[in-house]
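**Student:** Got a structure for you, query_21.csv, holding CSV, C-alpha atoms and all ligand atoms.
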```csv
chain,number,residue,atom,x,y,z
A,39,MET,CA,0.0,0.0,0.0
A,40,SER,CA,1.4,3.4,-0.9
A,41,GLU,CA,1.9,6.0,1.8
A,42,ALA,CA,-0.9,8.2,0.4
A,43,GLN,CA,-3.3,5.2,0.4
A,44,HIS,CA,-2.2,4.4,3.9
A,45,SER,CA,-3.1,7.8,5.2
A,46,PHE,CA,-6.4,7.8,3.3
A,47,GLU,CA,-7.2,4.6,4.9
A,48,PHE,CA,-6.4,6.1,8.3
A,49,VAL,CA,-8.8,9.0,7.6
A,50,LEU,CA,-11.6,6.6,6.6
A,51,ASN,CA,-11.0,4.5,9.8
A,52,VAL,CA,-11.2,7.6,11.9
A,53,ARG,CA,-14.5,8.5,10.3
A,54,THR,CA,-15.8,5.0,10.5
A,55,GLN,CA,-17.6,3.9,13.6
A,56,TYR,CA,-19.3,0.6,14.3
A,57,VAL,CA,-22.0,0.9,16.9
A,58,GLY,CA,-24.5,-1.8,17.8
A,59,HIS,CA,-25.6,-4.5,20.2
A,60,VAL,CA,-25.8,-8.2,20.4
A,61,THR,CA,-28.2,-10.1,22.7
A,62,PHE,CA,-27.5,-13.6,23.9
A,63,PRO,CA,-29.6,-15.8,26.3
A,64,CYS,CA,-27.7,-16.1,29.6
A,65,LEU,CA,-26.5,-19.7,29.2
A,66,PRO,CA,-23.1,-20.1,30.9
A,67,ALA,CA,-22.6,-23.4,29.0
A,68,ALA,CA,-22.7,-21.4,25.7
A,69,ALA,CA,-20.0,-18.9,26.8
A,70,GLY,CA,-17.3,-20.4,24.5
A,71,LEU,CA,-19.7,-20.3,21.5
A,72,TYR,CA,-20.6,-16.7,22.2
A,73,LEU,CA,-17.0,-15.8,22.4
A,74,LEU,CA,-16.3,-17.3,19.0
A,75,ARG,CA,-19.1,-15.3,17.5
A,76,LEU,CA,-18.0,-12.0,19.0
A,77,ASP,CA,-14.4,-12.7,18.0
A,78,GLU,CA,-15.5,-13.4,14.5
A,79,MET,CA,-17.8,-10.3,14.4
A,80,PHE,CA,-15.0,-7.9,15.4
A,81,ARG,CA,-12.6,-9.6,13.0
A,82,LEU,CA,-15.0,-9.0,10.1
A,83,MET,CA,-15.4,-5.4,11.1
A,84,GLY,CA,-11.6,-5.0,10.8
A,85,ARG,CA,-10.8,-4.8,14.4
A,86,ALA,CA,-9.7,-8.3,15.5
A,87,LEU,CA,-9.3,-8.7,19.2
A,88,ASN,CA,-5.8,-9.3,20.6
A,89,SER,CA,-5.2,-12.1,23.1
A,90,ASP,CA,-5.5,-9.8,26.1
A,91,GLU,CA,-8.7,-8.3,24.9
A,92,ARG,CA,-10.1,-11.7,24.1
A,93,ARG,CA,-9.2,-13.0,27.6
A,94,GLN,CA,-10.8,-10.0,29.2
A,95,LEU,CA,-13.9,-10.3,27.1
A,96,ALA,CA,-14.2,-14.0,28.0
A,97,GLU,CA,-13.9,-13.3,31.7
A,98,THR,CA,-16.5,-10.5,31.7
A,99,LEU,CA,-18.8,-12.6,29.4
A,100,GLU,CA,-18.6,-15.6,31.7
A,101,ASN,CA,-19.3,-13.6,34.8
A,102,HIS,CA,-22.3,-11.9,33.3
A,103,LEU,CA,-23.7,-15.1,31.9
A,104,ARG,CA,-23.4,-16.8,35.3
A,105,MET,CA,-25.0,-13.8,37.1
A,106,GLY,CA,-27.9,-13.7,34.6
A,107,TYR,CA,-28.4,-17.5,34.7
A,108,ALA,CA,-28.5,-17.4,38.5
A,109,ARG,CA,-31.4,-14.9,38.3
A,110,ALA,CA,-33.5,-16.7,35.7
A,111,GLY,CA,-33.3,-19.5,33.2
A,112,ASP,CA,-34.4,-17.1,30.4
A,113,ALA,CA,-32.3,-14.0,31.3
A,114,ASN,CA,-30.7,-12.1,28.5
A,115,LEU,CA,-27.3,-10.5,28.2
A,116,ARG,CA,-27.1,-7.4,26.0
A,117,ILE,CA,-23.6,-6.4,24.7
A,118,ASP,CA,-23.3,-2.9,23.4
A,119,TYR,CA,-20.2,-2.1,21.4
A,120,GLU,CA,-18.7,1.0,19.9
A,121,MET,CA,-15.7,0.5,17.8
A,122,HIS,CA,-13.3,2.3,15.4
A,123,PRO,CA,-11.4,0.0,13.1
A,124,ASP,CA,-8.0,1.7,13.8
A,125,ARG,CA,-6.6,0.5,17.1
A,126,SER,CA,-4.1,3.5,17.2
A,127,LEU,CA,-7.1,5.7,18.0
A,128,LYS,CA,-7.9,6.6,21.6
A,129,ARG,CA,-11.0,4.6,22.8
A,130,ASN,CA,-11.2,2.5,19.7
A,131,LEU,CA,-13.2,-0.2,21.4
A,132,ALA,CA,-15.8,0.1,24.2
A,133,ILE,CA,-18.0,-2.8,25.3
A,134,ARG,CA,-20.8,-2.6,27.8
A,135,MET,CA,-22.8,-5.6,29.1
A,136,THR,CA,-26.3,-5.3,30.6
A,137,LEU,CA,-28.5,-8.1,32.0
A,138,SER,CA,-32.2,-8.2,31.7
A,139,THR,CA,-34.2,-10.8,33.7
A,140,PRO,CA,-38.0,-10.5,33.6
A,141,ASP,CA,-39.5,-12.6,36.4
A,142,LEU,CA,-41.8,-15.5,35.6
A,143,ALA,CA,-44.9,-13.9,37.0
A,144,THR,CA,-44.3,-10.8,34.9
A,145,GLN,CA,-43.8,-12.8,31.8
A,146,PHE,CA,-47.0,-14.8,32.4
A,147,LYS,CA,-48.9,-11.5,33.0
A,148,THR,CA,-47.8,-10.2,29.5
A,149,TRP,CA,-48.5,-13.6,28.0
A,150,ASN,CA,-52.0,-13.4,29.3
A,151,SER,CA,-52.5,-9.9,27.9
A,152,GLY,CA,-55.1,-9.1,25.2
A,153,ASP,CA,-58.4,-10.9,25.1
A,154,ASP,CA,-57.1,-14.5,25.4
A,155,ASP,CA,-58.9,-15.8,28.5
A,156,HIS,CA,-57.5,-19.3,28.1
A,157,PRO,CA,-53.7,-19.0,27.6
A,158,PHE,CA,-53.2,-22.7,28.4
A,159,GLY,CA,-56.3,-24.1,26.8
A,160,LYS,CA,-60.0,-24.2,27.4
A,161,HIS,CA,-60.4,-27.8,28.5
A,162,PRO,CA,-59.1,-29.6,31.7
A,163,ASP,CA,-56.4,-32.1,31.2
A,164,ALA,CA,-57.8,-35.6,30.5
A,165,ARG,CA,-55.3,-37.2,32.9
A,166,VAL,CA,-56.2,-34.8,35.8
A,167,THR,CA,-59.9,-35.4,35.2
A,168,ALA,CA,-59.5,-39.2,35.2
A,169,VAL,CA,-57.5,-39.2,38.4
A,170,VAL,CA,-60.0,-36.8,40.1
A,171,ARG,CA,-63.0,-38.8,39.0
A,172,ALA,CA,-61.7,-41.9,40.6
A,173,LEU,CA,-61.8,-40.2,44.0
A,174,PRO,CA,-64.9,-40.0,46.1
A,175,VAL,CA,-66.6,-36.6,46.3
A,176,PRO,CA,-65.8,-34.4,48.2
A,177,THR,CA,-62.1,-35.4,48.5
A,178,PRO,CA,-60.1,-32.2,49.0
A,179,VAL,CA,-57.8,-31.3,46.1
A,180,LEU,CA,-54.7,-29.1,46.0
A,181,GLU,CA,-53.5,-27.6,42.7
A,182,ILE,CA,-50.1,-26.0,42.3
A,183,GLY,CA,-49.8,-23.3,39.6
A,184,GLY,CA,-53.5,-23.3,38.6
A,185,GLY,CA,-53.2,-20.6,35.9
A,186,THR,CA,-56.6,-19.2,35.2
A,187,GLY,CA,-58.5,-22.3,36.4
A,188,ARG,CA,-58.5,-24.6,33.4
A,189,ASN,CA,-58.5,-27.6,35.8
A,190,ALA,CA,-59.6,-26.2,39.1
A,191,LEU,CA,-63.0,-24.8,37.9
A,192,PRO,CA,-64.2,-28.1,36.3
A,193,ILE,CA,-63.0,-30.1,39.3
A,194,ALA,CA,-64.9,-27.8,41.7
A,195,ARG,CA,-68.0,-28.1,39.5
A,196,LEU,CA,-67.9,-31.9,40.2
A,197,GLY,CA,-68.2,-31.1,43.9
A,198,TYR,CA,-64.5,-31.4,45.0
A,199,PRO,CA,-63.2,-28.6,47.2
A,200,VAL,CA,-60.0,-27.2,45.5
A,201,ASP,CA,-57.2,-25.1,47.0
A,202,VAL,CA,-54.9,-23.5,44.5
A,203,VAL,CA,-51.5,-21.9,44.9
A,204,GLU,CA,-50.8,-19.6,42.0
A,205,LEU,CA,-47.7,-17.4,41.5
A,206,THR,CA,-49.1,-14.9,39.0
A,207,GLU,CA,-51.4,-12.3,40.7
A,208,GLU,CA,-53.5,-11.7,37.5
A,209,PHE,CA,-54.2,-15.4,37.1
A,210,SER,CA,-55.1,-15.7,40.8
A,211,ARG,CA,-57.5,-12.8,40.5
A,212,ALA,CA,-59.0,-14.2,37.2
A,213,MET,CA,-59.6,-17.6,38.8
A,214,THR,CA,-61.1,-16.2,42.0
A,215,ARG,CA,-63.5,-14.0,40.0
A,216,ARG,CA,-64.7,-17.0,38.0
A,217,ALA,CA,-65.0,-19.2,41.0
A,218,GLU,CA,-67.0,-16.6,42.9
A,219,ALA,CA,-69.3,-16.0,39.9
A,220,GLU,CA,-70.2,-19.6,40.0
A,221,ARG,CA,-70.0,-20.0,43.8
A,222,LEU,CA,-67.6,-22.8,43.5
A,223,PRO,CA,-65.7,-24.3,46.4
A,224,ILE,CA,-62.3,-22.9,45.3
A,225,ARG,CA,-59.8,-21.0,47.5
A,226,VAL,CA,-57.0,-19.4,45.6
A,227,ARG,CA,-53.7,-18.5,47.4
A,228,TRP,CA,-51.5,-16.0,45.5
A,229,GLY,CA,-47.9,-17.1,46.2
A,230,ASN,CA,-45.0,-19.3,45.4
A,231,ALA,CA,-45.8,-23.0,46.2
A,232,LEU,CA,-42.0,-23.7,46.6
A,233,ASP,CA,-41.7,-21.1,49.4
A,234,GLU,CA,-41.6,-23.1,52.6
A,235,SER,CA,-43.1,-20.2,54.6
A,236,LEU,CA,-46.4,-20.5,52.6
A,237,GLU,CA,-48.5,-22.6,54.9
A,238,LEU,CA,-51.1,-25.1,53.8
A,239,PRO,CA,-53.2,-27.7,55.7
A,240,VAL,CA,-51.0,-30.7,56.6
A,241,GLY,CA,-52.1,-34.3,55.8
A,242,HIS,CA,-55.3,-33.0,54.4
A,243,TYR,CA,-55.6,-33.5,50.6
A,244,GLY,CA,-56.5,-36.7,48.7
A,245,LEU,CA,-54.8,-35.3,45.6
A,246,MET,CA,-52.2,-32.7,44.8
A,247,PHE,CA,-51.5,-32.0,41.2
A,248,ALA,CA,-49.5,-29.6,39.0
A,249,SER,CA,-49.9,-29.3,35.2
A,250,GLU,CA,-47.3,-27.5,33.1
A,251,VAL,CA,-45.7,-26.2,36.2
A,252,VAL,CA,-42.6,-28.4,36.9
A,253,SER,CA,-41.5,-27.4,33.4
A,254,HIS,CA,-40.8,-23.9,34.9
A,255,PHE,CA,-38.7,-25.2,37.8
A,256,ARG,CA,-35.0,-24.4,38.0
A,257,PHE,CA,-32.2,-26.9,38.9
A,258,ASP,CA,-32.0,-25.4,42.4
A,259,GLY,CA,-33.8,-28.0,44.6
A,260,SER,CA,-37.2,-26.9,43.3
A,261,LEU,CA,-38.3,-30.4,42.3
A,262,ARG,CA,-37.4,-31.7,45.8
A,263,ARG,CA,-39.2,-28.9,47.5
A,264,PHE,CA,-42.3,-29.5,45.3
A,265,LEU,CA,-42.3,-33.2,46.2
A,266,GLU,CA,-41.8,-32.4,49.9
A,267,ARG,CA,-44.7,-30.0,49.7
A,268,GLY,CA,-46.8,-32.9,48.3
A,269,VAL,CA,-45.7,-35.2,51.2
A,270,ARG,CA,-46.7,-32.6,53.8
A,271,ALA,CA,-50.0,-31.7,52.2
A,272,LEU,CA,-51.3,-35.2,51.3
A,273,ARG,CA,-53.0,-37.6,53.6
A,274,PRO,CA,-51.7,-41.2,53.5
A,275,GLY,CA,-53.0,-42.9,50.4
A,276,GLY,CA,-53.3,-39.4,48.7
A,277,LEU,CA,-52.1,-39.0,45.1
A,278,LEU,CA,-49.5,-36.7,43.6
A,279,LEU,CA,-49.9,-36.1,39.9
A,280,PHE,CA,-47.7,-33.8,37.7
A,281,ASN,CA,-46.2,-33.6,34.3
A,282,ILE,CA,-42.4,-33.2,33.7
A,283,PHE,CA,-39.9,-33.3,30.9
A,284,LEU,CA,-37.8,-36.4,31.1
A,285,PRO,CA,-35.6,-38.5,28.8
A,286,LEU,CA,-37.8,-41.1,27.2
A,287,PRO,CA,-37.6,-44.4,29.1
A,288,GLU,CA,-36.2,-46.2,26.0
A,289,SER,CA,-33.6,-43.6,25.3
A,290,GLU,CA,-30.2,-43.5,27.0
A,291,TYR,CA,-30.0,-39.7,26.6
A,292,VAL,CA,-28.5,-37.8,29.6
A,293,PRO,CA,-28.8,-34.0,29.3
A,294,ASP,CA,-25.5,-32.1,29.6
A,295,ALA,CA,-25.2,-28.6,30.9
A,296,LEU,CA,-26.1,-26.9,27.6
A,297,ALA,CA,-29.1,-29.1,27.2
A,298,ARG,CA,-30.3,-28.3,30.7
A,299,GLN,CA,-29.9,-24.6,30.2
A,300,ILE,CA,-31.6,-24.6,26.8
A,301,SER,CA,-34.5,-26.5,28.4
A,302,GLU,CA,-34.9,-23.8,31.0
A,303,LEU,CA,-34.7,-21.2,28.4
A,304,SER,CA,-37.5,-23.0,26.4
A,305,TRP,CA,-39.8,-23.2,29.5
A,306,SER,CA,-39.3,-27.0,29.2
A,307,THR,CA,-37.0,-27.7,32.1
A,308,LEU,CA,-35.6,-31.1,31.4
A,309,PHE,CA,-34.7,-33.3,34.4
A,310,SER,CA,-32.6,-36.4,34.1
A,311,ARG,CA,-34.0,-39.7,35.4
A,312,GLU,CA,-31.3,-39.5,38.0
A,313,ASP,CA,-32.5,-36.0,39.1
A,314,LEU,CA,-36.0,-37.3,39.6
A,315,GLU,CA,-34.7,-40.4,41.5
A,316,LEU,CA,-32.6,-38.2,43.8
A,317,ALA,CA,-35.4,-35.7,44.4
A,318,LEU,CA,-37.6,-38.7,45.4
A,319,ARG,CA,-35.0,-40.3,47.6
A,320,GLY,CA,-36.2,-41.1,51.1
A,321,LEU,CA,-39.7,-39.5,50.6
A,322,PRO,CA,-42.7,-41.6,51.5
A,323,LEU,CA,-43.9,-41.6,47.9
A,324,ARG,CA,-44.7,-44.7,45.8
A,325,TRP,CA,-44.4,-44.7,42.0
A,326,LEU,CA,-47.7,-45.7,40.4
A,327,SER,CA,-47.4,-44.8,36.7
A,328,GLU,CA,-45.8,-42.8,34.0
A,329,GLU,CA,-47.4,-41.9,30.6
A,330,THR,CA,-46.7,-39.7,27.6
A,331,VAL,CA,-48.7,-36.5,28.0
A,332,CYS,CA,-49.2,-36.0,24.3
A,333,ASP,CA,-50.5,-39.5,23.6
A,334,TYR,CA,-52.6,-39.7,26.7
A,335,GLU,CA,-54.3,-36.3,26.1
A,336,ARG,CA,-54.8,-36.9,22.4
A,337,GLN,CA,-56.5,-40.2,23.1
A,338,HIS,CA,-58.6,-39.2,26.1
A,339,LEU,CA,-59.7,-35.6,25.5
A,340,PRO,CA,-63.2,-35.1,24.2
A,341,PRO,CA,-63.6,-34.6,20.4
A,342,GLY,CA,-62.4,-31.2,19.3
A,343,ALA,CA,-60.4,-30.5,22.5
A,344,TRP,CA,-57.1,-31.7,21.0
A,345,PRO,CA,-54.6,-29.9,20.9
A,346,PRO,CA,-55.2,-27.8,24.1
A,347,THR,CA,-53.2,-24.9,22.5
A,348,PRO,CA,-51.6,-24.4,19.1
A,349,TRP,CA,-48.1,-24.8,20.6
A,350,PHE,CA,-48.9,-27.7,22.9
A,351,GLU,CA,-48.1,-30.7,20.8
A,352,ALA,CA,-44.7,-29.6,19.5
A,353,TRP,CA,-43.7,-28.2,22.9
A,354,SER,CA,-44.7,-31.4,24.8
A,355,ARG,CA,-42.7,-33.5,22.4
A,356,GLY,CA,-39.6,-31.5,23.3
A,357,ILE,CA,-39.4,-29.6,20.0
A,358,SER,CA,-38.8,-26.2,21.7
A,359,MET,CA,-35.5,-27.7,23.0
A,360,PHE,CA,-34.7,-29.8,20.0
A,361,PRO,CA,-36.2,-27.8,17.0
A,362,ARG,CA,-34.1,-29.7,14.4
A,363,LEU,CA,-35.0,-33.2,15.6
A,364,ASP,CA,-38.0,-35.1,14.3
A,365,ASN,CA,-38.0,-37.4,17.3
A,366,PRO,CA,-36.4,-35.7,20.4
A,367,PRO,CA,-35.1,-38.2,23.0
A,368,VAL,CA,-37.2,-36.5,25.6
A,369,GLY,CA,-40.9,-36.0,26.3
A,370,PHE,CA,-43.4,-34.5,28.6
A,371,ARG,CA,-44.6,-37.3,31.0
A,372,TRP,CA,-47.5,-37.7,33.4
A,373,VAL,CA,-46.2,-39.1,36.6
A,374,LEU,CA,-48.5,-40.4,39.3
A,375,LEU,CA,-47.3,-41.1,42.8
A,376,GLU,CA,-49.0,-42.2,46.1
A,377,ARG,CA,-48.3,-40.8,49.5
A,378,VAL,CA,-47.6,-43.9,51.7
B,401,LIG,C1,-48.0,-22.9,31.9
B,401,LIG,S1,-48.9,-22.3,33.2
B,401,LIG,C2,-50.1,-23.7,33.5
B,401,LIG,C3,-51.3,-23.2,34.2
B,401,LIG,C4,-52.3,-24.3,34.6
B,401,LIG,N1,-51.6,-25.3,35.4
B,401,LIG,C5,-52.8,-25.0,33.3
B,401,LIG,O1,-52.3,-26.1,33.0
B,401,LIG,O2,-53.7,-24.4,32.7
B,401,LIG,C6,-47.8,-22.5,34.6
B,401,LIG,C7,-48.5,-21.8,35.8
B,401,LIG,O3,-47.7,-22.2,37.0
B,401,LIG,C8,-47.6,-21.0,37.8
B,401,LIG,N2,-46.4,-21.3,38.6
B,401,LIG,C9,-45.1,-21.5,38.2
B,401,LIG,N3,-44.3,-21.7,39.2
B,401,LIG,C10,-45.1,-21.6,40.3
B,401,LIG,C11,-44.8,-21.8,41.7
B,401,LIG,N4,-43.6,-22.0,42.2
B,401,LIG,N5,-45.9,-21.6,42.6
B,401,LIG,C12,-47.1,-21.4,42.2
B,401,LIG,N6,-47.4,-21.3,40.8
B,401,LIG,C13,-46.4,-21.4,40.0
B,401,LIG,C14,-47.5,-19.9,36.8
B,401,LIG,O4,-47.8,-18.6,37.4
B,401,LIG,C15,-48.5,-20.3,35.8
B,401,LIG,O5,-49.8,-19.9,36.1
```
Is it possible to express this structure as structure tokens?
Ligand SMILES: C[S@@+](CC[C@H](N)C(=O)[O-])C[C@H]1O[C@@H](n2cnc3c(N)ncnc32)[C@H](O)[C@@H]1O

**Tutor:**
Amino acid sequence: MSEAQHSFEFVLNVRTQYVGHVTFPCLPAAAGLYLLRLDEMFRLMGRALNSDERRQLAETLENHLRMGYARAGDANLRIDYEMHPDRSLKRNLAIRMTLSTPDLATQFKTWNSGDDDHPFGKHPDARVTAVVRALPVPTPVLEIGGGTGRNALPIARLGYPVDVVELTEEFSRAMTRRAEAERLPIRVRWGNALDESLELPVGHYGLMFASEVVSHFRFDGSLRRFLERGVRALRPGGLLLFNIFLPLPESEYVPDALARQISELSWSTLFSREDLELALRGLPLRWLSEETVCDYERQHLPPGAWPPTPWFEAWSRGISMFPRLDNPPVGFRWVLLERV
């Protein structure tokens, strides 16, 4: 390059500025992948990172991803950058990282916005209905995470008294309004069912169930706390029914850190068989049955009620986590246990 060209290039570099942002989901297991992408991006912009810069970026990136992930499984990291291609310029590269972590209840609130009164479907789950109907009226029932009452309202109409713990205030209010309008035996508690300070009757219920709720849990002991809640709340012989993403029984698939983090991000928290075994260890709960949610509901829901929502079938087959697989090695399973 001639000297003249060299100085023209410098003028252009001084006048050129790259400003923008990149957003990544806060998955610590993807830190290496993100670093490669950022490295490549800066290189293409003509300002390759040197090894010190790369090391520093890696460290800051990992710290932020860890912080964001600790707060929520679907937290985001926004990386703002301002860059001049010529590194001889003062302040030729500035990077700022910001975390955003909307909480679950807020996200559900916005999900429920508009005129959609039935965000999780209009009909009760066929599996829940079958288990309830086998119990004598008026066996007390406890529902965890009842949403807007898709299951609790029909159960109460059959004459069973239902207590519900629901995390999202708007859903609790919507369900209470509907129950009061029909004078149904439903008591709604707005709160976190995993919070041990939330008190419920002990040894009282003949059934505790949770539908599409364990799929929001984190890998922080939530599953164990949920099962312990069941043990405390149920009378001996009482049933505990929930659905959960698990590797299919015939598959040998064991989720690694990235798979687990992607499952949380996709609101499909995937527990390994070993996680479930450990969470159950030592608790007075007896395994009764396990079924594929998708197959069971498709076969047993009344005509026209399948699928419960447009997203349900793909989501329950694990497609949100494995969008490129026709047959993911995981699935949403109904699990039924008995308090002994
Ligand atoms: C996908 S929705 C399903 C709602 C309802 N079970 C249904 O199937 O229609 C998940 C619900 O669980 C609630 N939830 C999640 N974690 C909870 C917790 N720890 N305690 C109480 N409710 C919870 C959410 O607020 C939300 O209403």

**Student:** May I ask which of the residues A:Thr186, A:Thr136, A:Ser253, A:Ser89 is the closest one to A:Trp228, counting only C-alpha atoms?

**Tutor:**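 Looking only at the distances to A:Trp228, the closest residue turns out to be A:Thr186.
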
**Student:** Which of these, A:Leu76, A:Leu65, A:Leu115, A:Ala164, has the shortest distance to A:Arg336 once you count all atoms listed in the file?

**Tutor:**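 Distance minimum relative to A:Arg336 lands on A:Ala164.
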
**Student:** Return as a tab-separated table the residues of chain A lying at most 8 Å from ligand LIG 401 (chain B), together with the closest atom-to-atom pair for each and the distance in Å to one decimal, counting only C-alpha atoms and all ligand atoms, with rows in chain order and ascending residue number.

**Tutor:**
```
residue	atom	partner	partner_atom	distance
A:Leu142	CA	B:LIG401	O4	7.0
A:Ala143	CA	B:LIG401	O4	5.5
A:Phe146	CA	B:LIG401	O4	6.3
A:His156	CA	B:LIG401	O2	7.8
A:Pro157	CA	B:LIG401	O2	7.4
A:Phe158	CA	B:LIG401	O2	4.7
A:Gly159	CA	B:LIG401	O2	6.5
A:Pro162	CA	B:LIG401	O2	7.6
A:Asp163	CA	B:LIG401	O1	7.5
A:Glu181	CA	B:LIG401	N1	7.9
A:Ile182	CA	B:LIG401	C12	5.5
A:Gly183	CA	B:LIG401	N6	3.3
A:Gly184	CA	B:LIG401	N1	4.2
A:Gly185	CA	B:LIG401	O5	3.5
A:Thr186	CA	B:LIG401	O2	6.5
A:Gly187	CA	B:LIG401	O2	6.4
A:Arg188	CA	B:LIG401	O2	4.9
A:Asn189	CA	B:LIG401	O2	6.5
A:Val203	CA	B:LIG401	C12	5.2
A:Glu204	CA	B:LIG401	N6	4.0
A:Leu205	CA	B:LIG401	N6	4.0
A:Thr206	CA	B:LIG401	O4	4.2
A:Glu207	CA	B:LIG401	O4	8.0
A:Phe209	CA	B:LIG401	O5	6.4
A:Trp228	CA	B:LIG401	C12	7.7
A:Gly229	CA	B:LIG401	C12	5.9
A:Asn230	CA	B:LIG401	N5	3.7
A:Ala231	CA	B:LIG401	N5	3.9
A:Leu232	CA	B:LIG401	N4	5.0
A:Asp233	CA	B:LIG401	N4	7.5
A:Ala248	CA	B:LIG401	N1	6.0
A:Ser249	CA	B:LIG401	N1	4.4
A:Glu250	CA	B:LIG401	C2	4.7
A:Val251	CA	B:LIG401	O3	4.5
A:Val252	CA	B:LIG401	N3	7.3
A:His254	CA	B:LIG401	C9	5.9
A:Phe255	CA	B:LIG401	N3	6.8
```

**Student:** Near A:Glu376, within 8 Å and counting all atoms listed in the file, which residues show up once chain neighbours fewer than 2 positions away are dropped, as a PDB file with C-alpha atoms, keeping the file's coordinate frame?

**Tutor:**
```pdb
ATOM      1  CA  PRO A 274     -51.700 -41.200  53.500  1.00  0.00           C
ATOM      2  CA  GLY A 275     -53.000 -42.900  50.400  1.00  0.00           C
ATOM      3  CA  GLY A 276     -53.300 -39.400  48.700  1.00  0.00           C
ATOM      4  CA  LEU A 277     -52.100 -39.000  45.100  1.00  0.00           C
ATOM      5  CA  LEU A 278     -49.500 -36.700  43.600  1.00  0.00           C
ATOM      6  CA  LEU A 323     -43.900 -41.600  47.900  1.00  0.00           C
ATOM      7  CA  ARG A 324     -44.700 -44.700  45.800  1.00  0.00           C
ATOM      8  CA  TRP A 325     -44.400 -44.700  42.000  1.00  0.00           C
ATOM      9  CA  LEU A 326     -47.700 -45.700  40.400  1.00  0.00           C
ATOM     10  CA  LEU A 374     -48.500 -40.400  39.300  1.00  0.00           C
ATOM     11  CA  VAL A 378     -47.600 -43.900  51.700  1.00  0.00           C
TER      12      VAL A 378
END
```

**Student:** Using only C-alpha atoms, determine which residues lie at most 9 Å from stretch 53-63 of chain A, disregarding the query and same-chain residues fewer than 2 positions distant; provide the list as a ChimeraX atom specification.

**Tutor:** /A:48-51,65,68,72,76,83,103,106-107,111-123,130,303

**Student:** I'd like the contact shell of stretch 360-369 of chain A - 9 Å cut-off, all atoms listed in the file, skipping same-chain residues fewer than 6 positions apart - returned as an MDAnalysis selection string.

**Tutor:** chainID A and resid 282:291 308 330:332 353:354

**Student:** To one decimal place, how far is atom CA of A:Ile193 from atom CA of A:Leu261 in Å?

**Tutor:**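 Between atom CA of A:Ile193 and atom CA of A:Leu261 the gap works out to 24.9 Å.
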
**Student:** Measuring between only C-alpha atoms, which one of A:Ile300, A:Ala352, A:Leu95, A:Leu222 shows the shortest distance to A:Cys64?

**Tutor:** A:Ile300

**Student:** Find, counting all atoms listed in the file, the residue in A:Ala86, A:Leu265, A:Arg215, A:Ala190 that gets nearest to A:His161.

**Tutor:**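 Smallest separation from A:His161 among the options: A:Ala190.
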
**Student:** If I take atom CA of A:Glu97 and atom CA of A:Leu71, how far is one from the other in Å, to one decimal?

**Tutor:** 13.7 Å

**Student:** Nearest to A:Ala194: which of A:Thr177, A:Ser138, A:Asn281, A:Gln299 is it, counting all atoms listed in the file?

**Tutor:**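 For A:Ala194, the nearest of the given residues is A:Thr177.
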
**Student:** Just the number, please: distance in Å from atom CA of A:Glu234 to atom CA of A:Arg273, one decimal.

**Tutor:**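 About the pair atom CA of A:Glu234 and atom CA of A:Arg273: they are 18.5 Å apart.
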
**Student:** Measuring atom to atom with all atoms listed in the file, identify which of A:Ala110, A:Arg195, A:Ser126, A:Pro340 is nearest to A:Arg216.

**Tutor:**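 Checking each of A:Ala110, A:Arg195, A:Ser126, A:Pro340 against A:Arg216, counting all atoms listed in the file, the winner is A:Arg195.
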
**Student:** Could you give me stretch 366-375 of chain A completed to N, CA and C atoms, formatted as a PDB file, keeping the file's coordinate frame?

**Tutor:**
```pdb
ATOM      1  N   PRO A 366     -37.292 -36.045  19.243  1.00  0.00           N
ATOM      2  CA  PRO A 366     -36.400 -35.700  20.400  1.00  0.00           C
ATOM      3  C   PRO A 366     -36.367 -36.910  21.363  1.00  0.00           C
ATOM      4  N   PRO A 367     -35.216 -37.087  22.029  1.00  0.00           N
ATOM      5  CA  PRO A 367     -35.100 -38.200  23.000  1.00  0.00           C
ATOM      6  C   PRO A 367     -35.760 -37.948  24.306  1.00  0.00           C
ATOM      7  N   VAL A 368     -36.582 -36.915  24.369  1.00  0.00           N
ATOM      8  CA  VAL A 368     -37.200 -36.500  25.600  1.00  0.00           C
ATOM      9  C   VAL A 368     -38.709 -36.346  25.395  1.00  0.00           C
ATOM     10  N   GLY A 369     -39.448 -36.225  26.455  1.00  0.00           N
ATOM     11  CA  GLY A 369     -40.900 -36.000  26.300  1.00  0.00           C
ATOM     12  C   GLY A 369     -41.496 -35.543  27.603  1.00  0.00           C
ATOM     13  N   PHE A 370     -42.699 -34.996  27.479  1.00  0.00           N
ATOM     14  CA  PHE A 370     -43.400 -34.500  28.600  1.00  0.00           C
ATOM     15  C   PHE A 370     -44.232 -35.722  29.159  1.00  0.00           C
ATOM     16  N   ARG A 371     -44.057 -36.052  30.437  1.00  0.00           N
ATOM     17  CA  ARG A 371     -44.600 -37.300  31.000  1.00  0.00           C
ATOM     18  C   ARG A 371     -45.540 -37.004  32.149  1.00  0.00           C
ATOM     19  N   TRP A 372     -46.662 -37.696  32.181  1.00  0.00           N
ATOM     20  CA  TRP A 372     -47.500 -37.700  33.400  1.00  0.00           C
ATOM     21  C   TRP A 372     -46.898 -38.646  34.386  1.00  0.00           C
ATOM     22  N   VAL A 373     -46.676 -38.189  35.596  1.00  0.00           N
ATOM     23  CA  VAL A 373     -46.200 -39.100  36.600  1.00  0.00           C
ATOM     24  C   VAL A 373     -47.174 -39.084  37.792  1.00  0.00           C
ATOM     25  N   LEU A 374     -47.528 -40.275  38.222  1.00  0.00           N
ATOM     26  CA  LEU A 374     -48.500 -40.400  39.300  1.00  0.00           C
ATOM     27  C   LEU A 374     -47.826 -41.157  40.480  1.00  0.00           C
ATOM     28  N   LEU A 375     -47.874 -40.547  41.658  1.00  0.00           N
ATOM     29  CA  LEU A 375     -47.300 -41.100  42.800  1.00  0.00           C
ATOM     30  C   LEU A 375     -48.313 -41.227  43.956  1.00  0.00           C
TER      31      LEU A 375
END
```
